[in-house]
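The file upload22.cif comes next; it holds mmCIF, C-alpha atoms.
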data_work
loop_
_atom_site.label_atom_id
_atom_site.label_comp_id
_atom_site.auth_asym_id
_atom_site.auth_seq_id
_atom_site.Cartn_x
_atom_site.Cartn_y
_atom_site.Cartn_z
CA MET A 7 9.99 1.36 -53.38
CA ASN A 8 13.23 -0.04 -54.79
CA GLN A 9 14.53 -3.55 -54.19
CA SER A 10 17.18 -2.54 -51.65
CA ALA A 11 14.62 -0.66 -49.52
CA ALA A 12 12.26 -3.65 -49.61
CA ALA A 13 15.13 -5.95 -48.62
CA LEU A 14 16.02 -3.69 -45.68
CA ILE A 15 12.41 -3.64 -44.48
CA GLN A 16 12.34 -7.42 -44.74
CA LEU A 17 15.56 -7.63 -42.70
CA ILE A 18 14.12 -5.36 -39.99
CA HIS A 19 10.90 -7.40 -39.91
CA LYS A 20 12.72 -10.73 -39.86
CA HIS A 21 14.67 -9.79 -36.74
CA ASP A 22 11.68 -8.08 -35.08
CA LEU A 23 13.62 -4.83 -34.69
CA ARG A 24 11.42 -2.37 -32.81
CA ILE A 25 14.05 0.15 -31.72
CA PHE A 26 17.54 -0.44 -33.04
CA ASN A 27 20.93 1.03 -33.88
CA THR A 28 22.55 1.57 -37.24
CA SER A 29 25.21 -0.89 -36.07
CA ASP A 30 22.54 -3.61 -35.90
CA ILE A 31 21.81 -3.15 -39.60
CA ILE A 32 25.51 -3.05 -40.45
CA THR A 33 25.97 -6.41 -38.72
CA LEU A 34 22.78 -8.17 -39.80
CA GLY A 35 22.79 -6.84 -43.35
CA ARG A 36 26.56 -6.96 -43.83
CA MET A 37 26.43 -3.37 -45.01
CA SER A 38 28.94 -0.56 -44.84
CA SER A 39 28.40 2.19 -42.29
CA GLY A 40 27.67 4.80 -44.94
CA GLY A 41 25.40 2.49 -46.91
CA ALA A 42 23.38 1.53 -43.84
CA THR A 43 22.97 5.15 -42.73
CA GLN A 44 21.80 6.25 -46.18
CA ALA A 45 19.37 3.35 -46.52
CA LEU A 46 17.88 3.97 -43.07
CA SER A 47 17.59 7.70 -43.75
CA ARG A 48 15.64 6.97 -46.93
CA LEU A 49 13.21 4.77 -44.98
CA ALA A 50 12.84 7.58 -42.43
CA ASP A 51 12.03 10.01 -45.25
CA LYS A 52 9.25 7.62 -46.33
CA GLY A 53 7.81 7.53 -42.80
CA ILE A 54 8.73 3.88 -42.25
CA LEU A 55 11.36 4.64 -39.60
CA ALA A 56 11.91 7.54 -37.22
CA ARG A 57 15.26 8.77 -35.95
CA LEU A 58 15.37 9.02 -32.14
CA LYS A 59 18.93 10.30 -32.01
CA ARG A 60 22.05 9.83 -34.10
CA GLY A 61 22.33 6.16 -35.03
CA LEU A 62 19.12 5.16 -33.21
CA TRP A 63 15.88 4.32 -35.02
CA ALA A 64 12.30 3.33 -34.25
CA ASN A 65 10.35 1.02 -36.55
CA LEU A 66 7.05 2.80 -37.29
CA LEU A 67 5.61 -0.36 -38.83
CA MET A 68 5.44 -1.65 -35.25
CA LYS A 69 2.28 0.05 -34.03
CA SER A 70 2.56 -1.11 -30.42
CA ILE A 71 5.91 0.44 -29.46
CA HIS A 72 5.62 2.03 -26.01
CA PRO A 73 7.72 5.17 -25.44
CA TYR A 74 9.18 3.53 -22.33
CA GLU A 75 10.93 1.00 -24.59
CA ALA A 76 13.22 3.77 -25.86
CA VAL A 77 14.80 4.55 -22.47
CA PRO A 78 17.57 1.87 -22.40
CA PHE A 79 18.45 2.64 -26.03
CA LEU A 80 18.74 6.37 -25.33
CA ALA A 81 20.98 5.73 -22.31
CA ALA A 82 23.12 3.02 -23.96
CA PRO A 83 25.76 1.77 -23.38
CA TRP A 84 24.63 2.40 -19.79
CA PRO A 85 21.71 0.39 -18.35
CA ALA A 86 18.49 2.28 -17.58
CA TYR A 87 14.96 1.72 -16.34
CA ILE A 88 11.72 3.70 -15.90
CA SER A 89 11.41 5.27 -12.45
CA LEU A 90 10.61 8.49 -10.58
CA TYR A 91 7.38 10.30 -11.55
CA SER A 92 6.68 8.06 -14.56
CA ALA A 93 6.68 4.85 -12.52
CA LEU A 94 4.78 6.40 -9.60
CA ALA A 95 2.08 7.66 -11.99
CA ASP A 96 1.82 4.28 -13.72
CA TYR A 97 1.27 2.59 -10.37
CA GLY A 98 -1.40 5.15 -9.47
CA LEU A 99 0.64 6.44 -6.52
CA ILE A 100 0.52 10.05 -7.70
CA ALA A 101 -2.34 11.74 -9.52
CA GLU A 102 -0.25 13.96 -11.78
CA ILE A 103 0.67 12.44 -15.15
CA PRO A 104 4.17 13.63 -16.14
CA GLN A 105 4.51 15.23 -19.56
CA ILE A 106 7.91 13.64 -20.09
CA VAL A 107 9.23 10.12 -19.51
CA TYR A 108 11.51 9.76 -16.49
CA GLY A 109 14.19 7.12 -16.15
CA VAL A 110 17.38 6.52 -14.19
CA SER A 111 20.78 5.33 -15.31
CA PRO A 112 24.46 5.47 -14.27
CA ALA A 113 24.87 7.65 -17.38
CA PRO A 114 25.16 11.43 -16.95
CA THR A 115 21.76 13.12 -16.64
CA ALA A 116 20.41 13.96 -20.09
CA THR A 117 17.24 15.14 -21.85
CA TYR A 118 16.10 13.79 -25.21
CA LYS A 119 13.38 15.23 -27.43
CA THR A 120 12.02 12.72 -29.94
CA PHE A 121 8.90 12.03 -31.99
CA MET A 122 7.90 9.64 -29.18
CA GLY A 123 8.00 12.48 -26.66
CA SER A 124 10.56 13.98 -24.31
CA PHE A 125 12.73 11.89 -22.03
CA ARG A 126 14.65 12.88 -18.92
CA ILE A 127 17.09 10.23 -17.71
CA HIS A 128 18.61 11.11 -14.33
CA HIS A 129 21.96 9.89 -13.09
CA LEU A 130 21.72 7.22 -10.38
CA PRO A 131 24.90 5.60 -9.04
CA ALA A 132 25.53 2.14 -10.47
CA HIS A 133 25.32 0.46 -7.07
CA LEU A 134 21.69 1.62 -6.78
CA MET A 135 20.57 0.09 -10.09
CA TRP A 136 18.30 -2.61 -8.67
CA GLY A 137 14.65 -3.05 -7.63
CA TYR A 138 13.11 -3.10 -11.12
CA GLU A 139 11.14 -5.63 -13.15
CA MET A 140 10.16 -6.32 -16.74
CA LYS A 141 6.78 -5.03 -17.93
CA LYS A 142 5.24 -6.37 -21.12
CA SER A 143 3.88 -4.04 -23.80
CA GLY A 144 2.45 -5.83 -26.81
CA THR A 145 5.27 -7.92 -28.23
CA GLY A 146 7.85 -5.71 -26.54
CA GLY A 147 8.66 -4.72 -22.99
CA TYR A 148 10.57 -2.35 -20.73
CA LEU A 149 12.15 -2.28 -17.28
CA MET A 150 10.34 -0.35 -14.57
CA ALA A 151 11.17 0.24 -10.92
CA GLU A 152 9.02 -1.48 -8.34
CA PRO A 153 6.72 1.02 -6.57
CA GLU A 154 8.91 1.20 -3.47
CA LYS A 155 12.11 1.62 -5.50
CA ALA A 156 10.59 4.35 -7.69
CA PHE A 157 9.55 6.20 -4.53
CA LEU A 158 13.03 5.85 -3.04
CA ASP A 159 14.83 6.72 -6.28
CA LEU A 160 12.90 9.99 -6.41
CA ALA A 161 13.40 10.79 -2.73
CA TYR A 162 17.12 9.95 -2.90
CA LEU A 163 17.73 12.14 -5.95
CA ALA A 164 15.58 14.99 -4.60
CA LEU A 165 17.61 14.96 -1.37
CA THR A 166 20.96 15.24 -3.13
CA PRO A 167 22.49 18.74 -3.31
CA ARG A 168 21.46 20.98 -6.24
CA SER A 169 18.80 18.52 -7.40
CA SER A 170 16.11 19.73 -9.81
CA LEU A 171 13.70 17.05 -8.60
CA GLN A 172 11.01 17.50 -5.96
CA LEU A 173 10.33 15.08 -3.11
CA PRO A 174 7.40 12.71 -3.67
CA TYR A 175 4.12 14.49 -2.96
CA LYS A 176 0.71 13.01 -2.29
CA ARG A 177 -2.47 14.83 -1.35
CA ALA A 178 -3.72 11.88 0.67
CA ARG A 179 -1.84 11.09 3.84
CA ARG A 180 -0.91 7.48 3.18
CA TRP A 181 1.28 6.00 0.49
CA ARG A 182 0.14 2.58 -0.74
CA LEU A 183 3.52 0.94 -0.44
CA ASN A 184 4.81 -2.35 0.92
CA HIS A 185 6.29 -1.19 4.22
CA PRO A 186 8.61 -4.17 4.87
CA LYS A 187 10.05 -3.83 1.36
CA LEU A 188 10.30 -0.04 1.67
CA ARG A 189 12.16 -0.41 4.98
CA MET A 190 14.53 -3.03 3.53
CA TYR A 191 15.21 -0.96 0.40
CA THR A 192 15.75 2.22 2.41
CA LEU A 193 18.39 0.52 4.54
CA ARG A 194 20.00 -0.88 1.40
CA PHE A 195 20.45 2.66 0.04
CA GLY A 196 22.59 3.45 3.08
CA TYR A 197 21.89 7.19 2.80
CA LYS A 198 21.10 8.84 6.14
CA PRO A 199 19.04 11.80 4.77
CA LEU A 200 16.86 9.30 2.91
CA LYS A 201 16.30 7.21 6.03
CA GLU A 202 15.34 10.31 8.01
CA TYR A 203 12.92 11.41 5.28
CA ILE A 204 11.23 7.99 5.24
CA ARG A 205 11.07 8.01 9.05
CA ARG A 206 9.21 11.36 8.95
CA THR A 207 6.96 10.38 6.06
CA ILE A 208 5.93 6.95 7.37
CA PRO A 209 6.01 6.94 11.19
CA ASN A 210 7.07 3.76 12.97
CA ILE A 211 8.42 2.16 9.79
CA PHE A 212 11.76 1.61 11.52
CA ALA A 213 10.31 0.46 14.82
CA GLY A 214 12.72 -2.05 16.32
CA VAL A 215 15.46 -1.19 13.78
CA ARG A 216 18.60 0.40 15.11
#
Structure encoded using structure tokens:
Amino acid sequence: MNQSAAALIQLIHKHDLRIFNTSDIITLGRMSSGGATQALSRLADKGILARLKRGLWANLLMKSIHPYEAVPFLAAPWPAYISLYSALADYGLIAEIPQIVYGVSPAPTATYKTFMGSFRIHHLPAHLMWGYEMKKSGTGGYLMAEPEKAFLDLAYLALTPRSSLQLPYKRARRWRLNHPKLRMYTLRFGYKPLKEYIRRTIPNIFAGVR
């Protein structure tokens, strides 16, 4: 390994870069765009980095990177968080484990196929980007919807016209959700079809609410 490659690895390690953009290296290393791209491509050829998409890299020397960490980088410059089937499965609310990672973002809906797996990030209006929390994963972390918000995100998107998503399904009758929070979040969505769906799914949840 030549001196410049070793220096670049040291730079990446110094700044604890797990998933990062070429622009990060240009800024931190004071490199030209072409020089940074070539240097990063050489490290990818050596199996030290992996390209997630154009200009986006994962540090393979970091063994604990969770695929969920990639979601906000794939959706950038838009915000994004883990939701829908992925979050519901992680919380044990559905039995089926999705084969792809699901997230939501104000960005246009897009699919990404990477060495970390496949990602499907669905468009969610910006005013509905709330109800998530940080989850730790090793020395990193990612944003994930709360159980009630993941449930509502999925129901809301499934109820929109021409949606490819299916309404939340559970073999058992009862969903293990916080009913006061679910009621509050449903009303915050302000979407009548969603409220009617929740009313049918969880009887009496809106008792006393006009």
Matched chain/residue IDs from the PyMOL selection byres ((chain A and resi 117) around 9), as a PyMOL selection string: chain A and resi 115-116+118-119+124-128
Next, write the just-selected residues to a file, as a tab-separated table (two decimals), in the coordinates of the input, keeping C-alpha atoms as the atom set.
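Full text of again_26.tsv as output:
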chain	number	residue	atom	x	y	z
A	115	THR	CA	21.76	13.12	-16.64
A	116	ALA	CA	20.41	13.96	-20.09
A	118	TYR	CA	16.10	13.79	-25.21
A	119	LYS	CA	13.38	15.23	-27.43
A	124	SER	CA	10.56	13.98	-24.31
A	125	PHE	CA	12.73	11.89	-22.03
A	126	ARG	CA	14.65	12.88	-18.92
A	127	ILE	CA	17.09	10.23	-17.71
A	128	HIS	CA	18.61	11.11	-14.33
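Residue nearest Thr33 (chain A) within the list A:Ile100, A:Ile18, A:Met135, A:Phe212: A:Ile18 [criterion: smallest interatomic distance, all atoms listed in the file].
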Answer key for the PyMOL selection byres ((chain A and resi 149) around 8), residues as a list in words: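 Checked against the file, the PyMOL selection byres ((chain A and resi 149) around 8) matches Ala86, Tyr87, Ile88, Tyr138, Glu139, Met140, Lys141, Gly147, Tyr148, Met150 and Ala151 of chain A.
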Go ahead and write the residues just picked, C-alpha atoms, as a JSON list (two decimals), keeping the file's coordinate frame.
[["chain", "number", "residue", "atom", "x", "y", "z"],
["A", 86, "ALA", "CA", 18.49, 2.28, -17.58],
["A", 87, "TYR", "CA", 14.96, 1.72, -16.34],
["A", 88, "ILE", "CA", 11.72, 3.70, -15.90],
["A", 138, "TYR", "CA", 13.11, -3.10, -11.12],
["A", 139, "GLU", "CA", 11.14, -5.63, -13.15],
["A", 140, "MET", "CA", 10.16, -6.32, -16.74],
["A", 141, "LYS", "CA", 6.78, -5.03, -17.93],
["A", 147, "GLY", "CA", 8.66, -4.72, -22.99],
["A", 148, "TYR", "CA", 10.57, -2.35, -20.73],
["A", 150, "MET", "CA", 10.34, -0.35, -14.57],
["A", 151, "ALA", "CA", 11.17, 0.24, -10.92]]
Atomic separation - CA of Leu160 (chain A) relative to CA of Ala93 (chain A), Å: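 Between these atoms lies a distance of 10.1 Å.
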A:Leu94, A:Ile211, A:Ala50, A:Ala56 ranked by distance to Met190 (chain A), top pick (using only C-alpha atoms): A:Ile211
Atomic separation - CA of Ser89 (chain A) relative to CA of Ala113 (chain A), Å: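 Computing it gives 14.5 Å between the two atoms.
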